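Structure file work_17.csv (CSV, C-alpha atoms) follows.
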```csv
chain,number,residue,atom,x,y,z
E,30,MET,CA,44.0,-52.2,30.7
E,31,LYS,CA,44.9,-53.5,34.1
E,32,PRO,CA,48.0,-55.6,35.1
E,33,ILE,CA,47.1,-59.2,35.9
E,34,GLY,CA,50.5,-60.8,36.2
E,35,LYS,CA,54.0,-61.2,34.9
E,36,ILE,CA,55.9,-63.7,32.9
E,37,THR,CA,58.1,-65.8,35.1
E,38,HIS,CA,59.4,-68.2,32.4
E,39,TYR,CA,59.3,-68.5,28.6
E,40,TYR,CA,59.8,-71.8,26.8
E,41,ASP,CA,61.2,-70.7,23.4
E,42,LYS,CA,61.0,-74.1,21.6
E,43,ILE,CA,57.3,-74.6,22.3
E,44,GLY,CA,56.3,-70.9,22.5
E,45,VAL,CA,54.7,-71.1,26.0
E,46,ALA,CA,54.8,-68.4,28.6
E,47,ILE,CA,54.4,-69.1,32.4
E,48,ILE,CA,52.5,-66.4,34.1
E,49,GLU,CA,52.2,-65.7,37.8
E,50,LEU,CA,48.8,-64.1,38.2
E,51,SER,CA,47.8,-61.2,40.4
E,52,GLY,CA,44.4,-60.9,38.9
E,53,ASP,CA,41.7,-63.1,37.2
E,54,LEU,CA,42.2,-64.6,33.8
E,55,LYS,CA,39.9,-66.8,31.7
E,56,VAL,CA,39.9,-68.5,28.3
E,57,GLY,CA,38.7,-65.9,25.8
E,58,ASP,CA,40.2,-62.9,27.5
E,59,LYS,CA,42.2,-60.5,25.4
E,60,ILE,CA,45.6,-59.8,26.9
E,61,LYS,CA,48.6,-57.6,26.1
E,62,ILE,CA,52.1,-58.7,26.9
E,63,GLU,CA,54.6,-55.8,27.2
E,64,GLY,CA,58.3,-55.7,28.0
E,65,GLY,CA,61.4,-55.5,26.0
E,66,LYS,CA,61.2,-55.2,22.2
E,67,ASN,CA,58.1,-57.4,21.8
E,68,GLU,CA,54.7,-56.0,22.7
E,69,PHE,CA,51.7,-57.8,21.4
E,70,ASP,CA,48.0,-58.5,22.0
E,71,GLN,CA,46.4,-61.9,21.8
E,72,THR,CA,43.4,-63.8,22.9
E,73,VAL,CA,43.8,-66.6,25.5
E,74,GLU,CA,42.8,-69.7,23.6
E,75,GLU,CA,43.9,-72.3,26.2
E,76,MET,CA,45.7,-72.2,29.6
E,77,GLN,CA,47.0,-74.9,31.9
E,78,VAL,CA,47.7,-75.2,35.6
E,79,ASP,CA,50.0,-78.2,36.5
E,80,HIS,CA,49.7,-79.5,32.9
E,81,LYS,CA,45.9,-79.7,33.2
E,82,SER,CA,43.6,-77.5,31.0
E,83,VAL,CA,41.6,-74.9,33.0
E,84,ASN,CA,39.1,-72.2,31.9
E,85,THR,CA,39.7,-69.8,34.7
E,86,ALA,CA,42.5,-68.9,37.1
E,87,GLY,CA,43.0,-66.2,39.7
E,88,PRO,CA,45.5,-64.4,41.9
E,89,GLY,CA,48.3,-66.6,43.1
E,90,ASP,CA,47.8,-69.2,40.3
E,91,VAL,CA,50.7,-70.0,37.9
E,92,VAL,CA,49.4,-70.7,34.4
E,93,GLY,CA,51.0,-71.7,31.1
E,94,ILE,CA,49.7,-70.2,27.9
E,95,LYS,CA,50.7,-70.5,24.2
E,96,VAL,CA,51.9,-67.1,23.0
E,97,ALA,CA,51.9,-65.7,19.5
E,98,GLU,CA,55.3,-64.1,19.7
E,99,LYS,CA,58.5,-64.4,21.7
E,100,THR,CA,58.5,-62.7,25.1
E,101,ARG,CA,60.8,-62.6,28.1
E,102,GLU,CA,60.9,-63.2,31.8
E,103,GLY,CA,59.6,-60.2,33.7
E,104,ALA,CA,57.3,-59.0,30.9
E,105,LEU,CA,54.0,-57.5,32.2
E,106,VAL,CA,50.7,-59.1,31.3
E,107,LEU,CA,47.7,-56.7,31.0
E,108,LYS,CA,44.1,-57.6,30.5
E,109,LEU,CA,42.4,-55.6,27.8
E,110,GLU,CA,39.0,-54.2,28.9
E,111,GLU,CA,36.1,-54.9,26.5
```

What do you get writing this file as structure tokens?
Amino acid sequence: MKPIGKITHYYDKIGVAIIELSGDLKVGDKIKIEGGKNEFDQTVEEMQVDHKSVNTAGPGDVVGIKVAEKTREGALVLKLEE
């Protein structure tokens, strides 16, 4: 596992996390979100940059992804190695 970003905002009503990336992320990657009480793994099924769907994003990009569970600002996003 390697850190690839952190949650900068979480929209509770729609279950979307905003992630500021420090590494590469693509649709299909398995990630772990850890911080606070909730730690969970999930696969990235879709992500958006500026409300447009993208397949890949890299360092410096800010992406939104639908998350399986509640999270919080400041939570760490790790990419699970295959």

Ranking E:Glu63, E:Gly44, E:Leu109, E:Lys35 by minimum distance to Val92 of chain E and counting only C-alpha atoms, which one comes first?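 Of E:Glu63, E:Gly44, E:Leu109, E:Lys35, the one nearest Val92 of chain E is E:Lys35, counting only C-alpha atoms.
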
Residues within 8 Å of segment 74-90 of chain E, please, as a list in words. Count all atoms listed in the file; anything in the same chain fewer than 2 positions from it doesn't count.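 After dropping sequence-adjacent residues, the list is Glu49, Leu50, Ser51, Gly52, Asp53, Leu54, Lys55, Val56, Gly57, Thr72, Val92, Gly93, Ile94 and Lys95 of chain E.
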
Pairwise distance for atom CA of Lys108 of chain E and atom CA of Asp58 of chain E, rounded to one decimal in Å: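 Taking atom CA of Lys108 of chain E as the start and atom CA of Asp58 of chain E as the end point, the length is 7.2 Å.
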
Return the single residue from E:Gly65, E:Gln71, E:Val96, E:Met30 that is closest to Lys42 of chain E, with distances computed using all atoms listed in the file. E:Val96

Around (51.0, -52.7, 33.4), as given in the file, which residues come within 7 Å? Count all atoms listed in the file and list them as an MDAnalysis selection string. chainID E and resid 31:32 105:107

One residue among E:Phe69, E:Ala104, E:Gly64, E:Lys59 is nearest to Ile47 of chain E when using all atoms listed in the file, and that residue is E:Ala104

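Between atom CA of Ala46 of chain E and atom CA of Glu110 of chain E the separation is 21.2 Å.
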
Which residues, written as a list of chain:residue names, have at least one atom at most 6 Å from Thr37 of chain E, with all atoms listed in the file counted and residues fewer than 4 positions away on the same chain left out?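 Final neighbour list, sorted by chain and number: E:Ile47, E:Ile48, E:Glu102, E:Gly103.
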
Atom CA of His38 of chain E to atom CA of Arg101 of chain E measures 7.2 Å
